[in-house]
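Structure first, commentary second.
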Amino acid sequence: MPSTSSVSVFNLLIIENIPQSGGILYPYLAEIDDICYQVHTCLYSHLTPGVVAQAKPHLLVLIAQGDHVLKEVQTLQQRYPQLPLVVIDLGDRPDLATQILHSGAQDYLSFQELSPNLLVRSIRHAIDRHKVEQQLLRQAQYDRLLVQITQHIHQTLELSTILETAVKDVRELLGCDRVLIYRFLDDWRGMMEVEAVVPPWLSALGDVVGDSCFTEKYVEAYKRGRIHVVNNLDTADVGPCYRELLAHYQVKANLVVPIVVEARLWGLLICHQCAHPRDWQDSEIELIKQISTQLAIAILQAELYQKAQREIQERKAVEAQLLYQARHDRLTHLPNRWLFEEQLHLTLNHAAEHPDFHYAVLCLDLDRFKTLNDSLGHSIGDLFLQAFAKRLTRCVSPQDVVARLGGDEFAVLLNDIQGGEQAQAIAQRLRERLSQPFEIDHYTLYSTVSIGLVMGDAHYKSSEELLRDADMAMYHAKTKGRNRIAVFDPVMLQQVRDRLHLEVELRQAIERGDLTLHYQPIVNLRSESLRGFEALLRWQKGDTFISPEVFIPVAEETGLIFELSRWVLHNACEQLQQWQQKYPKLQSMGFTMSVNLSANQFSLPTLVSEIQQTLEDHHLRGPFLKIEITESVLMQHLDSAREILAELKAMGVRINIDDFGTGYSSLSYLGNLPLDGIKIDRSFISQMDRSQADLEVVHTILVLAHNLHLDCIAEGIENTTQLQLLRSLRCPSGQGYLFAPPLRTDKAEVYLQEHIL
């Protein structure tokens, strides 16, 4: 509403409830010199919004008379609250004046007191008071709407929702044609991010705008809070590129307020008036500035929230990746032992609730994978494991679970099967398919698998028990020759427990010194004179004799064999030293002590130095010690055997091949290795008096030994018939129960005295 000081003409709309009653004001208005009035009259009954719009009054004047004055005032205030109202009562009713003023009229005058000065003062004051009231109302409305918009903005942390809510509320508040938020890009172009627009005006949503007039100085100005106001584009002083931009969007009046987020020019809040020019009021500008400030706060909060959400998502992704890695094998991407046990646990619970549900667990181990890995390299080995895992996965149903437990060991959980027969059929199919060739890089590779199978049943309470038994069955399959399937039997578990118990007892026996050496004589078969002893390890547990065939494999598996072998070598040499000192004749007659070497000991790089040190410690010459090695051990370490045997030979130590004829040695190597003798295995000697074939084998070995200039010792001679046959075949030496069993030290010394002295 314009102020009175700037108005040269007042438009008055006189409302008559009695025809021609408005004429009474003309004389008073005519006497007012400094103000010009444009007067319009209308009967109260004929008053419509169209009449008011056409008159464009600054003030309504109601000429009142009768009992309906108060009701007429109330009606006018309801219909035209934006216009001030002065009531001139043709009567004089002071009691009615208060009610009229309370109903919203700016002044009440009685016709009897009316004068030109009073009328002018009343008109001016009515207009001014109404203006102030309207400003206060408008400010209250702005404040109320600002709170409402602020609440809307801060009701969410979703940036798009915040922006859309803001432009919608601002457009409704100001009644402008278009409100949009312009968001800056990195190159200071901008995108019309969100928009609220009313028809028929164009939509600018999504447009990317580059204003060539927008330079760095405008950026800095906007950062400092520059407000750009255009009331009328036709008369505004703006650059041609900016004018062209506004004209493109049909803008007549423009209000731009920056959105500055933590000293960063984030974007612009823009209001467009397209239908006509508009004088933007200071209160409107201040309101938009406050909304911009609230928007900046909300945008910052939303950005921080989005950043936090991204960090949370990234952390969740990392956690998911870590969990995946923790539950899966990195090479094959199969479930690992942990995840497999989880799945197996779920199957156990399901089976407990559904008695008709059958399942089985398979443990698979690649046979001779180490050989492949060592010969072709780990990269080929890894590719082979990946190909193996893929083929294994394709060979089972989707409901089954395939896992890599570690190394070359895999597991399969067969879910919902018919029973044991189907489980074995699946295992057999897997064994056959996995034995087919693999094309890896430029290699064609073959491998077989040993499979252990265990059927789930009610007595299993944990996944560990099932895996333990499947693994046990798998190792049973490997010990039986590999490339086969073994179904778990409770006897296997008992055997393992017995073996574990035996290991504990063996360790305790070593600590207590319960192990002893027995000595079996080696004699000249022709004269039956004593040539030496073979030192044999014995374990007497109370009244029970534990066979070496039982505890030696346990010692080899657990690594105790190294300690035992050193102990045997040391004690045998120590005993020989004692006998040589006590019976000097033994040295001159070449009396020897034979000691067996295990496969584990033969692989030690310190073997030669340990034997040499033992001989030196006991002041023994090498020729008095015989080392016995099985042909199987020799062939397993053939590459290193020549060097080791040559070094031992250089020390004077004699080398015999033990259990000759039971392994897979090539006869060509016998002539190439520095050997001193061979021992014919007892399995041939025990049958030679009843089997012509075994007799021929013994004869052949003796001929071979003679031709290679090797000593020959027959093991396991138990009767005179065997002795006579060996004599007839000219076997030089032998040992067996016919002469004496392995003897304790005291009895061995008695035997020594009887046959030497």
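Residue numbering restarts at 1 for every chain of the structure tokens, chains are lettered A, B, ... in their displayed order, and ligands are numbered from 1 as they appear.
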Where does DSSP see helix (DSSP H, G or I) in region 654-699 of chain A, if you list the residues as a ChimeraX atom specification?
-> /A:667-670,682-685,692-699
Skip Gly661 (chain A) itself and residues of its chain fewer than 4 positions away, then list as a count of residues only all residues within 9 Å of it, counting only C-alpha atoms.
-> 8
Within 12 Å of Asp169 (chain A), counting only C-alpha atoms, which residues qualify if same-chain residues fewer than 4 places away don't, as an MDAnalysis selection string?
-> chainID A and resid 142 144:153 162:165 173:176 178:180 195:197 271 288 291
Generate a file of the selected residues that holds N, CA and C atoms, formatted as a short mmCIF file (atom, residue, chain, number, x, y, z; two decimals), in the first residue's frame.
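File produced: out_27.cif:
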```
data_model
loop_
_atom_site.label_atom_id
_atom_site.label_comp_id
_atom_site.auth_asym_id
_atom_site.auth_seq_id
_atom_site.Cartn_x
_atom_site.Cartn_y
_atom_site.Cartn_z
N TYR A 142 4.52 -13.86 7.35
CA TYR A 142 5.85 -14.27 6.90
C TYR A 142 6.58 -15.06 7.99
N ARG A 144 5.27 -16.72 10.42
CA ARG A 144 4.63 -18.03 10.59
C ARG A 144 5.03 -18.97 9.46
N LEU A 145 5.02 -18.43 8.24
CA LEU A 145 5.37 -19.26 7.11
C LEU A 145 6.87 -19.61 7.11
N LEU A 146 7.72 -18.67 7.61
CA LEU A 146 9.15 -18.96 7.71
C LEU A 146 9.39 -20.13 8.65
N VAL A 147 8.68 -20.11 9.78
CA VAL A 147 8.81 -21.23 10.72
C VAL A 147 8.34 -22.53 10.06
N GLN A 148 7.21 -22.40 9.32
CA GLN A 148 6.68 -23.59 8.64
C GLN A 148 7.67 -24.13 7.60
N ILE A 149 8.23 -23.20 6.80
CA ILE A 149 9.20 -23.62 5.78
C ILE A 149 10.43 -24.22 6.44
N THR A 150 10.91 -23.57 7.51
CA THR A 150 12.08 -24.08 8.23
C THR A 150 11.83 -25.47 8.76
N GLN A 151 10.63 -25.67 9.31
CA GLN A 151 10.28 -27.00 9.81
C GLN A 151 10.26 -28.02 8.67
N HIS A 152 9.68 -27.61 7.54
CA HIS A 152 9.65 -28.51 6.38
C HIS A 152 11.07 -28.86 5.93
N ILE A 153 11.93 -27.82 5.91
CA ILE A 153 13.29 -28.05 5.45
C ILE A 153 14.02 -29.03 6.36
N ILE A 162 14.44 -31.79 0.67
CA ILE A 162 14.61 -30.46 1.27
C ILE A 162 14.42 -29.38 0.21
N LEU A 163 15.08 -29.54 -0.92
CA LEU A 163 15.02 -28.51 -1.97
C LEU A 163 13.63 -28.42 -2.57
N GLU A 164 13.00 -29.55 -2.84
CA GLU A 164 11.65 -29.53 -3.43
C GLU A 164 10.65 -28.89 -2.49
N THR A 165 10.77 -29.20 -1.20
CA THR A 165 9.86 -28.59 -0.22
C THR A 165 10.07 -27.09 -0.16
N LEU A 173 4.13 -18.92 -0.76
CA LEU A 173 4.19 -17.79 0.16
C LEU A 173 4.19 -16.46 -0.58
N LEU A 174 5.02 -16.32 -1.62
CA LEU A 174 5.15 -15.04 -2.32
C LEU A 174 4.17 -14.89 -3.47
N GLY A 175 3.55 -15.99 -3.89
CA GLY A 175 2.61 -15.91 -4.99
C GLY A 175 3.27 -15.56 -6.30
N CYS A 176 4.53 -15.91 -6.46
CA CYS A 176 5.21 -15.64 -7.72
C CYS A 176 5.01 -16.80 -8.68
N ARG A 178 7.36 -18.53 -10.63
CA ARG A 178 8.35 -19.61 -10.66
C ARG A 178 9.36 -19.39 -9.54
N VAL A 179 9.67 -20.47 -8.83
CA VAL A 179 10.76 -20.47 -7.85
C VAL A 179 11.64 -21.68 -8.16
N LEU A 180 12.92 -21.43 -8.23
CA LEU A 180 13.82 -22.55 -8.53
C LEU A 180 15.12 -22.39 -7.74
N GLU A 195 12.34 -27.06 -8.93
CA GLU A 195 11.53 -25.95 -9.44
C GLU A 195 10.09 -26.10 -8.99
N ALA A 196 9.45 -24.95 -8.73
CA ALA A 196 8.00 -24.90 -8.56
C ALA A 196 7.49 -23.82 -9.50
N VAL A 197 6.64 -24.17 -10.45
CA VAL A 197 6.20 -23.23 -11.48
C VAL A 197 4.71 -23.45 -11.75
N CYS A 271 13.53 -16.30 -7.53
CA CYS A 271 12.08 -16.11 -7.68
C CYS A 271 11.82 -15.33 -8.97
N ILE A 288 13.28 -14.07 2.01
CA ILE A 288 14.01 -15.00 1.15
C ILE A 288 15.44 -15.20 1.65
N ILE A 291 15.21 -17.62 4.47
CA ILE A 291 14.97 -18.97 3.95
C ILE A 291 16.26 -19.53 3.35
#
```
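Minimum atom-to-atom distances from A:Gln386, A:Thr41, A:Gln294, A:Ser594 to Ile440 (chain A) were compared using only C-alpha atoms, and the lowest value belongs to A:Gln386.
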Minimum-distance residue to Glu715 (chain A), chosen among A:Val608, A:Leu119, A:Ile522, A:Ala140 (using only C-alpha atoms) | A:Ile522
All strand (DSSP E) residues (DSSP, backbone) inside region 171-346 of chain A, as a PDB file with N, CA, C and O atoms, in the first residue's frame:
```pdb
ATOM      1  N   ARG A 178       7.358 -18.529 -10.628  1.00  0.00           N
ATOM      2  CA  ARG A 178       8.345 -19.609 -10.663  1.00  0.00           C
ATOM      3  C   ARG A 178       9.357 -19.385  -9.545  1.00  0.00           C
ATOM      4  O   ARG A 178       9.860 -18.276  -9.361  1.00  0.00           O
ATOM      5  N   VAL A 179       9.669 -20.474  -8.829  1.00  0.00           N
ATOM      6  CA  VAL A 179      10.764 -20.470  -7.847  1.00  0.00           C
ATOM      7  C   VAL A 179      11.636 -21.681  -8.163  1.00  0.00           C
ATOM      8  O   VAL A 179      11.126 -22.791  -8.345  1.00  0.00           O
ATOM      9  N   LEU A 180      12.920 -21.430  -8.234  1.00  0.00           N
ATOM     10  CA  LEU A 180      13.823 -22.548  -8.527  1.00  0.00           C
ATOM     11  C   LEU A 180      15.119 -22.392  -7.740  1.00  0.00           C
ATOM     12  O   LEU A 180      15.446 -21.314  -7.235  1.00  0.00           O
ATOM     13  N   ILE A 181      15.811 -23.490  -7.636  1.00  0.00           N
ATOM     14  CA  ILE A 181      17.135 -23.502  -7.002  1.00  0.00           C
ATOM     15  C   ILE A 181      18.141 -23.888  -8.074  1.00  0.00           C
ATOM     16  O   ILE A 181      18.018 -24.922  -8.729  1.00  0.00           O
ATOM     17  N   TYR A 182      19.089 -22.983  -8.243  1.00  0.00           N
ATOM     18  CA  TYR A 182      20.134 -23.110  -9.256  1.00  0.00           C
ATOM     19  C   TYR A 182      21.395 -23.574  -8.538  1.00  0.00           C
ATOM     20  O   TYR A 182      21.922 -22.882  -7.663  1.00  0.00           O
ATOM     21  N   ARG A 183      21.873 -24.768  -8.890  1.00  0.00           N
ATOM     22  CA  ARG A 183      23.032 -25.348  -8.204  1.00  0.00           C
ATOM     23  C   ARG A 183      24.260 -25.248  -9.090  1.00  0.00           C
ATOM     24  O   ARG A 183      24.251 -25.681 -10.245  1.00  0.00           O
ATOM     25  N   PHE A 184      25.341 -24.701  -8.542  1.00  0.00           N
ATOM     26  CA  PHE A 184      26.550 -24.485  -9.327  1.00  0.00           C
ATOM     27  C   PHE A 184      27.278 -25.796  -9.585  1.00  0.00           C
ATOM     28  O   PHE A 184      27.353 -26.681  -8.723  1.00  0.00           O
ATOM     29  N   GLY A 190      25.557 -23.796 -14.094  1.00  0.00           N
ATOM     30  CA  GLY A 190      24.649 -24.270 -13.057  1.00  0.00           C
ATOM     31  C   GLY A 190      23.500 -25.066 -13.620  1.00  0.00           C
ATOM     32  O   GLY A 190      23.167 -24.962 -14.802  1.00  0.00           O
ATOM     33  N   MET A 191      22.912 -25.867 -12.767  1.00  0.00           N
ATOM     34  CA  MET A 191      21.765 -26.685 -13.157  1.00  0.00           C
ATOM     35  C   MET A 191      20.542 -26.249 -12.365  1.00  0.00           C
ATOM     36  O   MET A 191      20.626 -25.974 -11.169  1.00  0.00           O
ATOM     37  N   MET A 192      19.427 -26.158 -13.085  1.00  0.00           N
ATOM     38  CA  MET A 192      18.154 -25.888 -12.419  1.00  0.00           C
ATOM     39  C   MET A 192      17.752 -27.165 -11.667  1.00  0.00           C
ATOM     40  O   MET A 192      17.134 -28.069 -12.221  1.00  0.00           O
ATOM     41  N   GLU A 193      18.144 -27.228 -10.392  1.00  0.00           N
ATOM     42  CA  GLU A 193      18.056 -28.470  -9.624  1.00  0.00           C
ATOM     43  C   GLU A 193      16.616 -28.851  -9.308  1.00  0.00           C
ATOM     44  O   GLU A 193      16.199 -29.986  -9.520  1.00  0.00           O
ATOM     45  N   VAL A 194      15.854 -27.895  -8.748  1.00  0.00           N
ATOM     46  CA  VAL A 194      14.442 -28.120  -8.426  1.00  0.00           C
ATOM     47  C   VAL A 194      13.652 -26.877  -8.800  1.00  0.00           C
ATOM     48  O   VAL A 194      14.206 -25.780  -8.916  1.00  0.00           O
ATOM     49  N   GLU A 195      12.338 -27.058  -8.934  1.00  0.00           N
ATOM     50  CA  GLU A 195      11.530 -25.948  -9.443  1.00  0.00           C
ATOM     51  C   GLU A 195      10.090 -26.101  -8.989  1.00  0.00           C
ATOM     52  O   GLU A 195       9.578 -27.222  -8.844  1.00  0.00           O
ATOM     53  N   ALA A 196       9.452 -24.955  -8.731  1.00  0.00           N
ATOM     54  CA  ALA A 196       7.999 -24.902  -8.557  1.00  0.00           C
ATOM     55  C   ALA A 196       7.490 -23.820  -9.498  1.00  0.00           C
ATOM     56  O   ALA A 196       7.883 -22.655  -9.376  1.00  0.00           O
ATOM     57  N   VAL A 197       6.637 -24.167 -10.454  1.00  0.00           N
ATOM     58  CA  VAL A 197       6.199 -23.234 -11.484  1.00  0.00           C
ATOM     59  C   VAL A 197       4.714 -23.451 -11.746  1.00  0.00           C
ATOM     60  O   VAL A 197       4.207 -24.571 -11.616  1.00  0.00           O
ATOM     61  N   VAL A 208      20.813 -26.891 -17.856  1.00  0.00           N
ATOM     62  CA  VAL A 208      22.160 -26.481 -17.459  1.00  0.00           C
ATOM     63  C   VAL A 208      22.429 -25.142 -18.140  1.00  0.00           C
ATOM     64  O   VAL A 208      22.398 -25.038 -19.370  1.00  0.00           O
ATOM     65  N   VAL A 209      22.689 -24.115 -17.341  1.00  0.00           N
ATOM     66  CA  VAL A 209      22.775 -22.751 -17.848  1.00  0.00           C
ATOM     67  C   VAL A 209      24.186 -22.222 -17.629  1.00  0.00           C
ATOM     68  O   VAL A 209      24.745 -22.341 -16.529  1.00  0.00           O
ATOM     69  N   HIS A 228      20.399  -9.893  -5.787  1.00  0.00           N
ATOM     70  CA  HIS A 228      20.146  -9.285  -7.089  1.00  0.00           C
ATOM     71  C   HIS A 228      18.638  -9.145  -7.283  1.00  0.00           C
ATOM     72  O   HIS A 228      17.904 -10.142  -7.266  1.00  0.00           O
ATOM     73  N   VAL A 229      18.207  -7.873  -7.456  1.00  0.00           N
ATOM     74  CA  VAL A 229      16.777  -7.577  -7.574  1.00  0.00           C
ATOM     75  C   VAL A 229      16.517  -6.907  -8.920  1.00  0.00           C
ATOM     76  O   VAL A 229      17.164  -5.925  -9.274  1.00  0.00           O
ATOM     77  N   VAL A 230      15.568  -7.464  -9.662  1.00  0.00           N
ATOM     78  CA  VAL A 230      15.083  -6.849 -10.910  1.00  0.00           C
ATOM     79  C   VAL A 230      13.575  -6.712 -10.768  1.00  0.00           C
ATOM     80  O   VAL A 230      12.849  -7.711 -10.740  1.00  0.00           O
ATOM     81  N   ALA A 253      10.200  -9.941 -13.681  1.00  0.00           N
ATOM     82  CA  ALA A 253      10.831  -9.480 -12.441  1.00  0.00           C
ATOM     83  C   ALA A 253      11.569 -10.663 -11.827  1.00  0.00           C
ATOM     84  O   ALA A 253      11.111 -11.805 -11.905  1.00  0.00           O
ATOM     85  N   ASN A 254      12.695 -10.336 -11.202  1.00  0.00           N
ATOM     86  CA  ASN A 254      13.598 -11.409 -10.773  1.00  0.00           C
ATOM     87  C   ASN A 254      14.187 -11.064  -9.413  1.00  0.00           C
ATOM     88  O   ASN A 254      14.583  -9.915  -9.170  1.00  0.00           O
ATOM     89  N   LEU A 255      14.242 -12.079  -8.510  1.00  0.00           N
ATOM     90  CA  LEU A 255      14.869 -11.904  -7.196  1.00  0.00           C
ATOM     91  C   LEU A 255      15.812 -13.092  -6.982  1.00  0.00           C
ATOM     92  O   LEU A 255      15.389 -14.245  -7.032  1.00  0.00           O
ATOM     93  N   VAL A 256      17.099 -12.770  -6.771  1.00  0.00           N
ATOM     94  CA  VAL A 256      18.117 -13.816  -6.626  1.00  0.00           C
ATOM     95  C   VAL A 256      18.822 -13.647  -5.288  1.00  0.00           C
ATOM     96  O   VAL A 256      19.354 -12.560  -4.999  1.00  0.00           O
ATOM     97  N   VAL A 257      18.829 -14.723  -4.489  1.00  0.00           N
ATOM     98  CA  VAL A 257      19.504 -14.725  -3.186  1.00  0.00           C
ATOM     99  C   VAL A 257      20.494 -15.898  -3.177  1.00  0.00           C
ATOM    100  O   VAL A 257      20.130 -17.022  -3.535  1.00  0.00           O
ATOM    101  N   PRO A 258      21.745 -15.658  -2.787  1.00  0.00           N
ATOM    102  CA  PRO A 258      22.729 -16.755  -2.789  1.00  0.00           C
ATOM    103  C   PRO A 258      22.479 -17.755  -1.654  1.00  0.00           C
ATOM    104  O   PRO A 258      21.961 -17.397  -0.593  1.00  0.00           O
ATOM    105  N   ILE A 259      22.865 -18.989  -1.915  1.00  0.00           N
ATOM    106  CA  ILE A 259      22.872 -20.033  -0.878  1.00  0.00           C
ATOM    107  C   ILE A 259      24.341 -20.356  -0.616  1.00  0.00           C
ATOM    108  O   ILE A 259      25.012 -20.971  -1.449  1.00  0.00           O
ATOM    109  N   VAL A 260      24.841 -19.900   0.520  1.00  0.00           N
ATOM    110  CA  VAL A 260      26.261 -20.046   0.859  1.00  0.00           C
ATOM    111  C   VAL A 260      26.388 -21.067   1.986  1.00  0.00           C
ATOM    112  O   VAL A 260      25.870 -20.851   3.090  1.00  0.00           O
ATOM    113  N   VAL A 261      27.065 -22.167   1.690  1.00  0.00           N
ATOM    114  CA  VAL A 261      27.227 -23.257   2.659  1.00  0.00           C
ATOM    115  C   VAL A 261      28.680 -23.282   3.113  1.00  0.00           C
ATOM    116  O   VAL A 261      29.575 -23.624   2.336  1.00  0.00           O
ATOM    117  N   ARG A 264      31.071 -21.510   1.025  1.00  0.00           N
ATOM    118  CA  ARG A 264      31.107 -22.085  -0.322  1.00  0.00           C
ATOM    119  C   ARG A 264      29.814 -21.706  -1.038  1.00  0.00           C
ATOM    120  O   ARG A 264      28.720 -21.972  -0.547  1.00  0.00           O
ATOM    121  N   LEU A 265      29.950 -21.044  -2.205  1.00  0.00           N
ATOM    122  CA  LEU A 265      28.771 -20.656  -2.976  1.00  0.00           C
ATOM    123  C   LEU A 265      28.167 -21.920  -3.580  1.00  0.00           C
ATOM    124  O   LEU A 265      28.629 -22.433  -4.590  1.00  0.00           O
ATOM    125  N   TRP A 266      27.147 -22.423  -2.918  1.00  0.00           N
ATOM    126  CA  TRP A 266      26.539 -23.692  -3.308  1.00  0.00           C
ATOM    127  C   TRP A 266      25.581 -23.521  -4.479  1.00  0.00           C
ATOM    128  O   TRP A 266      25.540 -24.331  -5.397  1.00  0.00           O
ATOM    129  N   GLY A 267      24.756 -22.417  -4.404  1.00  0.00           N
ATOM    130  CA  GLY A 267      23.756 -22.206  -5.447  1.00  0.00           C
ATOM    131  C   GLY A 267      23.000 -20.911  -5.220  1.00  0.00           C
ATOM    132  O   GLY A 267      23.413 -20.046  -4.429  1.00  0.00           O
ATOM    133  N   LEU A 268      21.894 -20.761  -5.921  1.00  0.00           N
ATOM    134  CA  LEU A 268      21.072 -19.552  -5.845  1.00  0.00           C
ATOM    135  C   LEU A 268      19.614 -19.944  -5.645  1.00  0.00           C
ATOM    136  O   LEU A 268      19.134 -20.906  -6.258  1.00  0.00           O
ATOM    137  N   LEU A 269      18.913 -19.171  -4.794  1.00  0.00           N
ATOM    138  CA  LEU A 269      17.467 -19.299  -4.646  1.00  0.00           C
ATOM    139  C   LEU A 269      16.856 -18.170  -5.471  1.00  0.00           C
ATOM    140  O   LEU A 269      17.083 -16.984  -5.195  1.00  0.00           O
ATOM    141  N   ILE A 270      16.059 -18.517  -6.499  1.00  0.00           N
ATOM    142  CA  ILE A 270      15.606 -17.543  -7.499  1.00  0.00           C
ATOM    143  C   ILE A 270      14.085 -17.530  -7.550  1.00  0.00           C
ATOM    144  O   ILE A 270      13.439 -18.586  -7.625  1.00  0.00           O
ATOM    145  N   CYS A 271      13.530 -16.300  -7.528  1.00  0.00           N
ATOM    146  CA  CYS A 271      12.081 -16.113  -7.676  1.00  0.00           C
ATOM    147  C   CYS A 271      11.821 -15.331  -8.967  1.00  0.00           C
ATOM    148  O   CYS A 271      12.451 -14.297  -9.211  1.00  0.00           O
ATOM    149  N   HIS A 272      10.890 -15.835  -9.775  1.00  0.00           N
ATOM    150  CA  HIS A 272      10.540 -15.197 -11.050  1.00  0.00           C
ATOM    151  C   HIS A 272       9.084 -14.739 -11.020  1.00  0.00           C
ATOM    152  O   HIS A 272       8.209 -15.486 -10.588  1.00  0.00           O
ATOM    153  N   GLN A 273       8.868 -13.523 -11.494  1.00  0.00           N
ATOM    154  CA  GLN A 273       7.515 -13.065 -11.800  1.00  0.00           C
ATOM    155  C   GLN A 273       7.460 -12.945 -13.319  1.00  0.00           C
ATOM    156  O   GLN A 273       8.224 -12.182 -13.928  1.00  0.00           O
TER     157      GLN A 273
END
```
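CA of Tyr108 (chain A) to CA of Val51 (chain A) spans 23.7 Å [interatomic distance, one decimal].
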Near Glu158 (chain A), within 12 Å and counting only C-alpha atoms, which residues show up once chain neighbours fewer than 2 positions away are dropped, as number ranges by chain?
-> A: 152-156, 160-165, 298-307, 309
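Compared by their closest atoms to Leu346 (chain A), and using only C-alpha atoms, the residues A:Ser462, A:Asn524, A:Gln612, A:Gln422 rank with A:Ser462 nearest.
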Using only C-alpha atoms, the residue out of A:His619, A:Lys626, A:Arg484, A:His518 with shortest distance to Ile657 (chain A) is A:Lys626
